[in-house]
$ cat upload-v7.cif   # mmCIF, C-alpha atoms and all ligand atoms
data_work
#
loop_
_atom_site.label_atom_id
_atom_site.label_comp_id
_atom_site.auth_asym_id
_atom_site.auth_seq_id
_atom_site.Cartn_x
_atom_site.Cartn_y
_atom_site.Cartn_z
CA MET M 411 40.01 -132.63 -28.04
CA PHE M 412 39.63 -129.50 -30.09
CA ASP M 413 40.88 -128.96 -33.64
CA THR M 414 41.65 -125.25 -33.50
CA HIS M 415 42.77 -124.67 -37.07
CA LEU M 416 40.81 -125.48 -40.21
CA HIS M 417 39.66 -123.86 -43.42
CA THR M 418 36.28 -124.11 -45.10
CA GLU M 419 35.20 -122.49 -48.36
CA PHE M 420 35.55 -118.92 -47.07
CA SER M 421 39.28 -119.56 -47.45
CA THR M 422 40.21 -119.12 -51.08
CA ASP M 423 42.30 -122.31 -51.05
CA SER M 424 39.63 -124.58 -49.52
CA LYS M 425 36.46 -126.10 -50.92
CA MET M 426 35.38 -127.73 -47.67
CA LYS M 427 31.76 -127.12 -46.73
CA ILE M 428 30.99 -126.29 -43.13
CA LYS M 429 28.62 -129.28 -43.01
CA GLU M 430 31.46 -131.63 -44.01
CA ALA M 431 33.64 -130.23 -41.25
CA LEU M 432 30.82 -130.58 -38.73
CA GLY M 433 30.17 -134.14 -39.84
CA ARG M 434 33.80 -135.17 -39.48
CA ALA M 435 34.08 -133.47 -36.08
CA ARG M 436 31.02 -135.38 -34.90
CA GLU M 437 32.49 -138.66 -36.12
CA LEU M 438 35.71 -137.98 -34.24
CA ASP M 439 33.83 -136.55 -31.26
CA ILE M 440 35.97 -133.43 -31.14
CA GLY M 441 35.32 -129.69 -31.16
CA ILE M 442 36.44 -127.43 -33.98
CA THR M 443 37.41 -123.83 -34.51
CA VAL M 444 37.04 -122.53 -38.05
CA THR M 445 39.96 -120.23 -38.94
CA GLU M 446 39.54 -118.71 -42.39
CA HIS M 447 42.47 -117.09 -44.17
CA MET M 448 42.86 -113.32 -44.06
CA ASP M 449 46.15 -112.30 -45.67
CA LEU M 450 45.79 -108.61 -46.44
CA ASN M 451 49.45 -108.48 -47.51
CA CYS M 452 49.20 -111.28 -50.05
CA PRO M 453 51.07 -110.22 -53.20
CA ILE M 454 48.08 -111.37 -55.29
CA GLN M 455 45.51 -108.84 -54.20
CA GLY M 456 42.31 -110.25 -52.79
CA LYS M 457 43.66 -113.79 -52.65
CA PHE M 458 43.36 -115.18 -49.12
CA THR M 459 40.78 -112.66 -47.97
CA PHE M 460 37.10 -113.17 -47.24
CA ASP M 461 33.89 -111.31 -46.46
CA VAL M 462 33.74 -111.43 -42.67
CA ASP M 463 30.17 -110.13 -42.47
CA GLU M 464 29.07 -112.96 -44.71
CA TYR M 465 31.10 -115.44 -42.65
CA PHE M 466 29.25 -114.54 -39.46
CA ARG M 467 25.95 -114.31 -41.29
CA ARG M 468 26.25 -117.85 -42.64
CA TYR M 469 28.06 -119.60 -39.79
CA SER M 470 26.66 -118.03 -36.61
CA LYS M 471 23.86 -120.58 -36.54
CA PHE M 472 26.40 -123.39 -36.24
CA ARG M 473 28.16 -121.80 -33.29
CA SER M 474 28.04 -123.88 -30.11
CA GLN M 475 30.23 -125.20 -27.29
CA ASN M 476 31.97 -127.39 -29.86
CA VAL M 477 31.92 -125.17 -32.93
CA LEU M 478 33.78 -121.90 -32.68
CA LEU M 479 34.45 -119.13 -35.19
CA GLY M 480 37.94 -117.77 -35.58
CA ILE M 481 40.27 -116.28 -38.15
CA GLU M 482 43.82 -116.95 -39.30
CA ILE M 483 45.50 -113.63 -39.91
CA GLY M 484 48.59 -113.58 -42.10
CA MET M 485 50.70 -111.04 -40.26
CA GLY M 486 52.75 -108.28 -41.89
CA GLU M 487 53.89 -104.80 -40.98
CA SER M 488 52.05 -103.27 -43.93
CA CYS M 489 48.65 -104.68 -42.98
CA LEU M 490 48.75 -104.22 -39.23
CA LEU M 491 46.12 -101.49 -39.13
CA GLY M 492 43.76 -103.34 -41.45
CA ASP M 493 44.05 -106.49 -39.37
CA LYS M 494 43.59 -104.59 -36.13
CA SER M 495 40.35 -103.08 -37.35
CA ILE M 496 39.03 -106.50 -38.42
CA GLU M 497 40.00 -108.03 -35.10
CA SER M 498 38.26 -105.32 -33.10
CA LYS M 499 35.15 -105.13 -35.27
CA TYR M 500 34.05 -108.77 -35.05
CA GLU M 501 33.40 -111.17 -32.20
CA PHE M 502 35.78 -113.95 -33.07
CA ASP M 503 36.36 -116.78 -30.65
CA TYR M 504 39.95 -117.04 -31.73
CA VAL M 505 42.56 -115.01 -33.59
CA LEU M 506 45.44 -117.06 -34.92
CA GLY M 507 48.52 -115.21 -36.21
CA SER M 508 50.67 -116.61 -39.01
CA ILE M 509 53.68 -115.82 -41.13
CA HIS M 510 52.97 -116.69 -44.76
CA ILE M 511 54.61 -113.68 -46.44
CA VAL M 512 58.23 -112.60 -45.93
CA ASP M 513 59.73 -109.52 -47.63
CA GLY M 514 56.63 -109.23 -49.79
CA MET M 515 56.99 -112.80 -51.06
CA ASP M 516 54.71 -115.75 -50.42
CA ILE M 517 57.03 -118.38 -48.96
CA TYR M 518 54.88 -121.06 -50.53
CA TYR M 519 56.61 -120.25 -53.83
CA GLU M 520 60.10 -121.20 -54.93
CA SER M 521 60.97 -117.59 -55.81
CA PHE M 522 61.41 -116.74 -52.12
CA TYR M 523 64.19 -119.33 -51.78
CA LYS M 524 65.97 -118.45 -55.00
CA ASP M 525 69.53 -117.21 -54.32
CA LYS M 526 69.08 -117.72 -50.57
CA SER M 527 70.88 -120.23 -48.42
CA LYS M 528 68.76 -122.05 -45.90
CA ARG M 529 70.33 -119.88 -43.20
CA GLU M 530 69.34 -116.66 -45.00
CA ALA M 531 65.80 -117.78 -45.79
CA TYR M 532 65.08 -119.10 -42.30
CA ASP M 533 66.68 -116.08 -40.61
CA ARG M 534 64.41 -113.75 -42.59
CA TYR M 535 61.43 -115.94 -41.69
CA PHE M 536 62.17 -115.79 -37.96
CA ASP M 537 63.04 -112.08 -38.05
CA THR M 538 59.67 -111.34 -39.67
CA MET M 539 57.94 -113.57 -37.14
CA LEU M 540 59.53 -111.73 -34.21
CA LYS M 541 58.74 -108.29 -35.59
CA CYS M 542 55.12 -109.24 -36.28
CA LEU M 543 54.61 -110.89 -32.90
CA LYS M 544 55.61 -107.63 -31.25
CA LEU M 545 53.30 -105.58 -33.50
CA TYR M 546 50.35 -107.98 -33.37
CA ASP M 547 49.89 -107.95 -29.63
CA PHE M 548 46.20 -108.83 -30.09
CA ILE M 549 46.59 -112.35 -31.48
CA ASP M 550 45.81 -115.33 -29.25
CA CYS M 551 48.29 -117.79 -30.68
CA LEU M 552 51.16 -118.16 -33.13
CA ALA M 553 50.36 -120.69 -35.86
CA HIS M 554 52.69 -123.30 -37.38
CA ILE M 555 56.17 -122.19 -36.32
CA ASP M 556 57.42 -124.81 -38.79
CA TYR M 557 55.40 -123.48 -41.75
CA ILE M 558 58.54 -122.78 -43.78
CA CYS M 559 59.54 -126.46 -43.59
CA ARG M 560 56.51 -127.39 -45.71
CA TYR M 561 57.67 -125.51 -48.77
CA SER M 562 61.38 -124.65 -48.59
CA LYS M 563 63.64 -126.19 -51.19
CA TYR M 564 66.67 -127.42 -49.27
CA ASP M 565 68.00 -130.94 -48.80
CA ASP M 566 66.92 -130.82 -45.19
CA ASN M 567 63.98 -128.53 -44.50
CA GLU M 568 63.73 -129.09 -40.77
CA ILE M 569 64.27 -126.36 -38.20
CA TYR M 570 66.99 -127.49 -35.81
CA TYR M 571 66.68 -125.57 -32.56
CA GLU M 572 70.44 -125.39 -32.07
CA GLN M 573 70.97 -123.85 -35.51
CA PHE M 574 68.46 -121.04 -34.98
CA LYS M 575 68.64 -120.84 -31.20
CA ASP M 576 68.84 -117.07 -30.75
CA ARG M 577 66.05 -116.26 -33.14
CA ILE M 578 63.78 -119.02 -31.88
CA ASP M 579 64.39 -117.98 -28.27
CA ASN M 580 63.38 -114.40 -29.06
CA VAL M 581 60.16 -115.58 -30.68
CA LEU M 582 59.34 -117.99 -27.84
CA LYS M 583 60.06 -115.32 -25.24
CA VAL M 584 57.49 -112.92 -26.68
CA ILE M 585 54.85 -115.65 -26.76
CA ALA M 586 55.65 -116.76 -23.19
CA GLU M 587 55.76 -113.25 -21.74
CA THR M 588 52.45 -112.27 -23.30
CA GLU M 589 50.89 -115.60 -22.22
CA LYS M 590 49.86 -116.42 -25.73
CA ALA M 591 49.68 -119.96 -27.02
CA LEU M 592 52.02 -121.65 -29.46
CA GLU M 593 50.26 -123.90 -31.93
CA ILE M 594 51.25 -127.49 -32.52
CA ASN M 595 50.30 -127.77 -36.16
CA THR M 596 49.70 -131.42 -36.95
CA ARG M 597 50.16 -131.19 -40.72
CA ARG M 598 53.73 -132.54 -40.68
CA LEU M 599 53.55 -134.81 -37.66
CA GLN M 600 53.39 -138.04 -39.63
CA SER M 601 57.13 -137.46 -40.11
CA LYS M 602 59.24 -138.72 -37.24
CA LYS M 603 62.00 -136.34 -38.24
CA ALA M 604 59.59 -133.41 -37.95
CA VAL M 605 58.51 -134.54 -34.48
CA ASP M 606 62.10 -135.09 -33.36
CA THR M 607 63.10 -131.57 -34.39
CA LEU M 608 59.94 -129.90 -33.05
CA VAL M 609 60.11 -131.41 -29.56
CA PRO M 610 63.26 -129.44 -28.57
CA ILE M 611 61.54 -126.21 -29.68
CA TYR M 612 58.45 -126.87 -27.54
CA LYS M 613 60.65 -127.98 -24.62
CA ARG M 614 62.51 -124.72 -24.90
CA PHE M 615 59.18 -122.86 -24.96
CA LYS M 616 58.34 -124.45 -21.60
CA GLU M 617 61.81 -123.65 -20.18
CA ILE M 618 61.46 -120.02 -21.19
CA GLY M 619 58.13 -119.75 -19.35
CA GLY M 620 55.64 -120.79 -22.02
CA LYS M 621 52.55 -122.59 -20.77
CA TYR M 622 49.98 -123.04 -23.51
CA VAL M 623 49.70 -124.86 -26.79
CA THR M 624 46.80 -125.27 -29.17
CA ILE M 625 46.49 -128.26 -31.48
CA GLY M 626 45.36 -127.62 -35.03
CA SER M 627 45.32 -129.70 -38.20
CA ASP M 628 45.17 -126.84 -40.71
CA ALA M 629 42.71 -129.04 -42.59
CA HIS M 630 41.49 -127.90 -46.01
CA ASN M 631 39.34 -131.02 -46.41
CA ASP M 632 37.35 -133.10 -43.95
CA ALA M 633 39.69 -136.11 -44.03
CA ALA M 634 42.51 -133.99 -42.56
CA ILE M 635 40.52 -132.85 -39.51
CA GLY M 636 42.02 -134.25 -36.32
CA ALA M 637 44.99 -135.83 -38.13
CA ASN M 638 48.00 -136.78 -35.99
CA PHE M 639 46.36 -135.51 -32.80
CA ASP M 640 47.83 -138.30 -30.69
CA THR M 641 51.31 -137.19 -31.70
CA ALA M 642 50.52 -133.56 -30.96
CA GLN M 643 49.19 -134.47 -27.52
CA TYR M 644 52.36 -136.51 -26.96
CA ILE M 645 54.47 -133.41 -27.76
CA ALA M 646 52.41 -131.30 -25.34
CA ASP M 647 52.72 -133.92 -22.60
CA VAL M 648 56.41 -134.62 -23.01
CA CYS M 649 57.11 -130.86 -22.92
CA GLY M 650 54.81 -130.18 -19.95
CA LEU M 651 52.59 -127.76 -21.89
CA LYS M 652 48.83 -127.28 -21.45
CA ASN M 653 46.55 -127.94 -24.37
CA VAL M 654 44.01 -125.11 -24.72
CA TYR M 655 41.53 -123.67 -27.18
CA PHE M 656 39.99 -120.23 -27.26
CA LYS M 657 36.34 -119.36 -26.83
CA GLN M 658 35.27 -115.72 -26.94
CA ARG M 659 38.99 -114.94 -26.94
CA LYS M 660 39.54 -116.73 -23.59
CA LYS M 661 41.56 -119.84 -22.93
CA GLU M 662 39.68 -123.04 -22.21
CA TYR M 663 41.47 -126.15 -21.09
CA VAL M 664 41.22 -129.37 -23.04
CA HIS M 665 40.77 -132.25 -20.60
ZN ZN M 701 48.72 -120.77 -42.19
ZN ZN M 702 45.77 -122.39 -41.95
#
$ encode --input "upload-v7.cif" --output "C-alpha cells"
Amino acid sequence: MFDTHLHTEFSTDSKMKIKEALGRARELDIGITVTEHMDLNCPIQGKFTFDVDEYFRRYSKFRSQNVLLGIEIGMGESCLLGDKSIESKYEFDYVLGSIHIVDGMDIYYESFYKDKSKREAYDRYFDTMLKCLKLYDFIDCLAHIDYICRYSKYDDNEIYYEQFKDRIDNVLKVIAETEKALEINTRRLQSKKAVDTLVPIYKRFKEIGGKYVTIGSDAHNDAAIGANFDTAQYIADVCGLKNVYFKQRKKEYVH
C-alpha cells in the first residue's frame, strides 16, 4: 500500500518530522508520498506555503522507491499562474490538487457558511472545484472530494450524490476524461455514514469512465498515517477502481 497524502513540518499546520513519518511507514510496511501544503490563495498571506527549494534540499536524501516527494496545491483561479510555475520548476513525484478556498474564504472557518444554506455552500464548493479542475490541467489527482464535510456547520454534513448529481457528474467527468485519479481520503472513513455516502460517488466515477483512485490519509501526525486503509481499499474494490500512486508524475499500480 501507499499513503499518498501526508504533511510534515514544511506544512504550516503540521509539526510531524520526516523521520517520524518514515518510522511509521516502516512499521506499517507501506510507502509514502509527502504532500506539503501550497495555498497561494490563502486569505492569510504566507500561511500554507513553503520553501520548495529547501524542501528538496532537505528531503531528497530520503527519496526512494517507497518515499516520494509531492505537493498539495490549493487550487484557485487567482493563483493558477503561480502554481503552474511551481509545478513546472520542480521535479515532484506527485501533484495533488485541492479545494480549500471558495470565493476567497477558507472553508475551514464558520464565516464561509454564515447566511448560506447547505445547498448554496455545497454548490459554490462544487462550482469552484469544476472551474479549477479545468484550469489546473497539470494536476495528477483531485484530493478529498468530501473536504467540505469535515468543517461545514449543518445538521447533516454528508454529500449525497443524488442531491448534487449534476455538479458531481461534471467534476467526475473532467477527472475521468483527463485520466486523472480521484483520491479516497481516509480521514473520515471511520464513519459508516461517510462511507455509505461516498461509495455512490466513486461508483458513479467508475460508470462515467473513471479508472484510478489514490488512497491518502492526510496525516498531520505519525499516528494518522495509513488510517482506515482497509476501508479505502474496500471502496476501491467495490467500485471497480484501480488503486495507484504517482512516481515521477507517472501512475504506478498498487498490488
Ligand atoms: Zn487538503
Ligand atoms: Zn492535505
$ closest_residue --input "upload-v7.cif" --among "M:Phe639, M:Tyr622, M:Phe412, M:Tyr561" --to "M:Thr596" --atoms "only C-alpha atoms"
M:Phe639
$ closest_atom_pairs --input "upload-v7.cif" --of "chain M" --to "ligand ZN 701 (chain M)" --cutoff "9 Å" --atoms "only C-alpha atoms and all ligand atoms" --output "tab-separated table"
residue	atom	partner	partner_atom	distance
M:His415	CA	M:ZN701	ZN	8.8
M:His447	CA	M:ZN701	ZN	7.5
M:Glu482	CA	M:ZN701	ZN	6.9
M:Ile483	CA	M:ZN701	ZN	8.2
M:Gly484	CA	M:ZN701	ZN	7.2
M:Leu506	CA	M:ZN701	ZN	8.8
M:Gly507	CA	M:ZN701	ZN	8.2
M:Ser508	CA	M:ZN701	ZN	5.6
M:Ile509	CA	M:ZN701	ZN	7.1
M:His510	CA	M:ZN701	ZN	6.4
M:Ala553	CA	M:ZN701	ZN	6.5
M:His554	CA	M:ZN701	ZN	6.7
M:Tyr557	CA	M:ZN701	ZN	7.2
M:Asp628	CA	M:ZN701	ZN	7.2
$ residues_around --input "upload-v7.cif" --residues "stretch 520-526 of chain M" --least-positions-apart "5" --cutoff "12 Å" --atoms "all atoms listed in the file" --output "ChimeraX atom specification"
/M:510-515,531-535,558-564,567
$ closest_residue --input "upload-v7.cif" --among "M:Val477, M:Leu432, M:Ile618, M:Ile555" --to "ligand ZN 702 (chain M)" --atoms "only C-alpha atoms and all ligand atoms"
M:Ile555
$ residues_near_point --input "upload-v7.cif" --point "(43.5, -108.7, -41.1)" --cutoff "10 Å" --atoms "all atoms listed in the file" --output "list in words"
His447, Met448, Asp449, Leu450, Asn451, Thr459, Phe460, Ile481, Glu482, Ile483, Gly484, Met485, Gly486, Cys489, Leu490, Leu491, Gly492, Asp493, Lys494, Ser495, Ile496, Glu497, Val505 and Gly507 of chain M
$ atom_distance --input "upload-v7.cif" --atom1 "atom CA of M:Asp550" --atom2 "atom CA of M:Gly619"
16.4 Å
$ atom_distance --input "upload-v7.cif" --atom1 "atom CA of M:Thr624" --atom2 "atom CA of M:Arg468"
25.7 Å
$ residues_around --input "upload-v7.cif" --residues "M:Arg467" --least-positions-apart "6" --cutoff "12 Å" --atoms "all atoms listed in the file" --output "JSON, numbers by chain"
{"M": [461, 473, 479, 500]}
$ closest_residue --input "upload-v7.cif" --among "M:Lys544, M:His630, M:Lys616, M:Arg577" --to "ligand ZN 702 (chain M)" --atoms "only C-alpha atoms and all ligand atoms"
M:His630
$ closest_residue --input "upload-v7.cif" --among "M:Tyr570, M:Leu651, M:Lys657, M:Ala629" --to "M:Met426" --atoms "all atoms listed in the file"
M:Ala629
$ closest_residue --input "upload-v7.cif" --among "M:Tyr571, M:Phe458, M:Phe656, M:Tyr469" --to "ligand ZN 702 (chain M)" --atoms "all atoms listed in the file"
M:Phe458
$ residues_near_point --input "upload-v7.cif" --point "(34.5, -122.7, -31.5)" --cutoff "8 Å" --atoms "only C-alpha atoms" --output "ChimeraX atom specification"
/M:414,441-444,473-480,503-504,656-657
$ closest_residue --input "upload-v7.cif" --among "M:Ser627, M:Gln658, M:Gln573, M:Asn580" --to "ligand ZN 702 (chain M)" --atoms "all atoms listed in the file"
M:Ser627
$ residues_around --input "upload-v7.cif" --residues "M:Thr641" --least-positions-apart "5" --cutoff "12 Å" --atoms "all atoms listed in the file" --output "JSON, numbers by chain"
{"M": [594, 595, 596, 597, 598, 599, 600, 601, 602, 604, 605, 606, 608, 609, 625, 626, 627, 636, 646, 647, 648]}
$ atom_distance --input "upload-v7.cif" --atom1 "atom CA of M:Tyr612" --atom2 "atom CA of M:Leu582"
8.9 Å
$ axis_aligned_box --input "upload-v7.cif" --around "stretch 429-442 of chain M" --padding-each-side "6 Å" --output "lines of an AutoDock Vina configuration file"
center_x = 32.5
center_y = -133.0
center_z = -37.6
size_x = 19.8
size_y = 23.2
size_z = 24.9
$ build_atoms --input "upload-v7.cif" --residues "stretch 494-520 of chain M" --atoms "N, CA, C and O atoms" --output "PDB file, keeping the file's coordinate frame"
ATOM      1  N   LYS M 494      44.065-105.053 -37.434  1.00  0.00           N
ATOM      2  CA  LYS M 494      43.590-104.590 -36.130  1.00  0.00           C
ATOM      3  C   LYS M 494      42.123-104.208 -36.203  1.00  0.00           C
ATOM      4  O   LYS M 494      41.344-104.514 -35.303  1.00  0.00           O
ATOM      5  N   SER M 495      41.744-103.532 -37.278  1.00  0.00           N
ATOM      6  CA  SER M 495      40.350-103.080 -37.350  1.00  0.00           C
ATOM      7  C   SER M 495      39.414-104.283 -37.553  1.00  0.00           C
ATOM      8  O   SER M 495      38.313-104.296 -37.014  1.00  0.00           O
ATOM      9  N   ILE M 496      39.857-105.294 -38.273  1.00  0.00           N
ATOM     10  CA  ILE M 496      39.030-106.500 -38.420  1.00  0.00           C
ATOM     11  C   ILE M 496      38.891-107.204 -37.071  1.00  0.00           C
ATOM     12  O   ILE M 496      37.799-107.592 -36.663  1.00  0.00           O
ATOM     13  N   GLU M 497      39.998-107.332 -36.393  1.00  0.00           N
ATOM     14  CA  GLU M 497      40.000-108.030 -35.100  1.00  0.00           C
ATOM     15  C   GLU M 497      39.074-107.338 -34.092  1.00  0.00           C
ATOM     16  O   GLU M 497      38.367-107.990 -33.328  1.00  0.00           O
ATOM     17  N   SER M 498      39.071-106.018 -34.099  1.00  0.00           N
ATOM     18  CA  SER M 498      38.260-105.320 -33.100  1.00  0.00           C
ATOM     19  C   SER M 498      36.791-105.203 -33.514  1.00  0.00           C
ATOM     20  O   SER M 498      35.918-105.043 -32.679  1.00  0.00           O
ATOM     21  N   LYS M 499      36.524-105.315 -34.796  1.00  0.00           N
ATOM     22  CA  LYS M 499      35.150-105.130 -35.270  1.00  0.00           C
ATOM     23  C   LYS M 499      34.268-106.364 -35.036  1.00  0.00           C
ATOM     24  O   LYS M 499      33.069-106.254 -34.850  1.00  0.00           O
ATOM     25  N   TYR M 500      34.863-107.548 -35.083  1.00  0.00           N
ATOM     26  CA  TYR M 500      34.050-108.770 -35.050  1.00  0.00           C
ATOM     27  C   TYR M 500      34.298-109.598 -33.794  1.00  0.00           C
ATOM     28  O   TYR M 500      35.396-109.563 -33.228  1.00  0.00           O
ATOM     29  N   GLU M 501      33.287-110.359 -33.422  1.00  0.00           N
ATOM     30  CA  GLU M 501      33.400-111.170 -32.200  1.00  0.00           C
ATOM     31  C   GLU M 501      33.900-112.569 -32.508  1.00  0.00           C
ATOM     32  O   GLU M 501      33.164-113.547 -32.429  1.00  0.00           O
ATOM     33  N   PHE M 502      35.164-112.639 -32.824  1.00  0.00           N
ATOM     34  CA  PHE M 502      35.780-113.950 -33.070  1.00  0.00           C
ATOM     35  C   PHE M 502      35.970-114.678 -31.742  1.00  0.00           C
ATOM     36  O   PHE M 502      36.171-114.051 -30.707  1.00  0.00           O
ATOM     37  N   ASP M 503      35.945-115.999 -31.820  1.00  0.00           N
ATOM     38  CA  ASP M 503      36.360-116.780 -30.650  1.00  0.00           C
ATOM     39  C   ASP M 503      37.879-116.818 -30.541  1.00  0.00           C
ATOM     40  O   ASP M 503      38.421-116.931 -29.444  1.00  0.00           O
ATOM     41  N   TYR M 504      38.529-116.717 -31.684  1.00  0.00           N
ATOM     42  CA  TYR M 504      39.950-117.040 -31.730  1.00  0.00           C
ATOM     43  C   TYR M 504      40.633-116.292 -32.858  1.00  0.00           C
ATOM     44  O   TYR M 504      40.121-116.265 -33.983  1.00  0.00           O
ATOM     45  N   VAL M 505      41.773-115.688 -32.564  1.00  0.00           N
ATOM     46  CA  VAL M 505      42.560-115.010 -33.590  1.00  0.00           C
ATOM     47  C   VAL M 505      43.956-115.648 -33.625  1.00  0.00           C
ATOM     48  O   VAL M 505      44.727-115.552 -32.673  1.00  0.00           O
ATOM     49  N   LEU M 506      44.199-116.324 -34.729  1.00  0.00           N
ATOM     50  CA  LEU M 506      45.440-117.060 -34.920  1.00  0.00           C
ATOM     51  C   LEU M 506      46.341-116.216 -35.824  1.00  0.00           C
ATOM     52  O   LEU M 506      45.900-115.746 -36.864  1.00  0.00           O
ATOM     53  N   GLY M 507      47.584-116.017 -35.412  1.00  0.00           N
ATOM     54  CA  GLY M 507      48.520-115.210 -36.210  1.00  0.00           C
ATOM     55  C   GLY M 507      49.540-116.081 -36.923  1.00  0.00           C
ATOM     56  O   GLY M 507      50.095-117.004 -36.327  1.00  0.00           O
ATOM     57  N   SER M 508      49.777-115.780 -38.199  1.00  0.00           N
ATOM     58  CA  SER M 508      50.670-116.610 -39.010  1.00  0.00           C
ATOM     59  C   SER M 508      51.669-115.778 -39.783  1.00  0.00           C
ATOM     60  O   SER M 508      51.423-114.614 -40.064  1.00  0.00           O
ATOM     61  N   ILE M 509      52.751-116.421 -40.171  1.00  0.00           N
ATOM     62  CA  ILE M 509      53.680-115.820 -41.130  1.00  0.00           C
ATOM     63  C   ILE M 509      53.617-116.649 -42.412  1.00  0.00           C
ATOM     64  O   ILE M 509      54.058-117.802 -42.442  1.00  0.00           O
ATOM     65  N   HIS M 510      53.022-116.063 -43.440  1.00  0.00           N
ATOM     66  CA  HIS M 510      52.970-116.690 -44.760  1.00  0.00           C
ATOM     67  C   HIS M 510      53.800-115.903 -45.777  1.00  0.00           C
ATOM     68  O   HIS M 510      54.200-116.435 -46.806  1.00  0.00           O
ATOM     69  N   ILE M 511      53.960-114.597 -45.497  1.00  0.00           N
ATOM     70  CA  ILE M 511      54.610-113.680 -46.440  1.00  0.00           C
ATOM     71  C   ILE M 511      55.863-113.103 -45.770  1.00  0.00           C
ATOM     72  O   ILE M 511      55.790-112.611 -44.640  1.00  0.00           O
ATOM     73  N   VAL M 512      56.981-113.170 -46.456  1.00  0.00           N
ATOM     74  CA  VAL M 512      58.230-112.600 -45.930  1.00  0.00           C
ATOM     75  C   VAL M 512      58.839-111.712 -47.019  1.00  0.00           C
ATOM     76  O   VAL M 512      58.982-112.147 -48.167  1.00  0.00           O
ATOM     77  N   ASP M 513      59.171-110.482 -46.661  1.00  0.00           N
ATOM     78  CA  ASP M 513      59.730-109.520 -47.630  1.00  0.00           C
ATOM     79  C   ASP M 513      58.862-109.407 -48.883  1.00  0.00           C
ATOM     80  O   ASP M 513      59.372-109.373 -50.009  1.00  0.00           O
ATOM     81  N   GLY M 514      57.569-109.403 -48.670  1.00  0.00           N
ATOM     82  CA  GLY M 514      56.630-109.230 -49.790  1.00  0.00           C
ATOM     83  C   GLY M 514      56.470-110.472 -50.662  1.00  0.00           C
ATOM     84  O   GLY M 514      55.808-110.422 -51.694  1.00  0.00           O
ATOM     85  N   MET M 515      57.086-111.580 -50.246  1.00  0.00           N
ATOM     86  CA  MET M 515      56.990-112.800 -51.060  1.00  0.00           C
ATOM     87  C   MET M 515      56.265-113.905 -50.296  1.00  0.00           C
ATOM     88  O   MET M 515      56.508-114.095 -49.099  1.00  0.00           O
ATOM     89  N   ASP M 516      55.408-114.618 -51.000  1.00  0.00           N
ATOM     90  CA  ASP M 516      54.710-115.750 -50.420  1.00  0.00           C
ATOM     91  C   ASP M 516      55.708-116.914 -50.322  1.00  0.00           C
ATOM     92  O   ASP M 516      56.230-117.357 -51.353  1.00  0.00           O
ATOM     93  N   ILE M 517      55.970-117.374 -49.116  1.00  0.00           N
ATOM     94  CA  ILE M 517      57.030-118.380 -48.960  1.00  0.00           C
ATOM     95  C   ILE M 517      56.585-119.783 -49.394  1.00  0.00           C
ATOM     96  O   ILE M 517      57.334-120.741 -49.318  1.00  0.00           O
ATOM     97  N   TYR M 518      55.365-119.845 -49.886  1.00  0.00           N
ATOM     98  CA  TYR M 518      54.880-121.060 -50.530  1.00  0.00           C
ATOM     99  C   TYR M 518      55.610-121.279 -51.863  1.00  0.00           C
ATOM    100  O   TYR M 518      55.822-122.399 -52.290  1.00  0.00           O
ATOM    101  N   TYR M 519      56.009-120.173 -52.494  1.00  0.00           N
ATOM    102  CA  TYR M 519      56.610-120.250 -53.830  1.00  0.00           C
ATOM    103  C   TYR M 519      58.129-120.313 -53.796  1.00  0.00           C
ATOM    104  O   TYR M 519      58.771-119.710 -52.931  1.00  0.00           O
ATOM    105  N   GLU M 520      58.665-120.984 -54.797  1.00  0.00           N
ATOM    106  CA  GLU M 520      60.100-121.200 -54.930  1.00  0.00           C
ATOM    107  C   GLU M 520      60.884-119.881 -55.017  1.00  0.00           C
ATOM    108  O   GLU M 520      62.036-119.812 -54.592  1.00  0.00           O
TER     109      GLU M 520
END
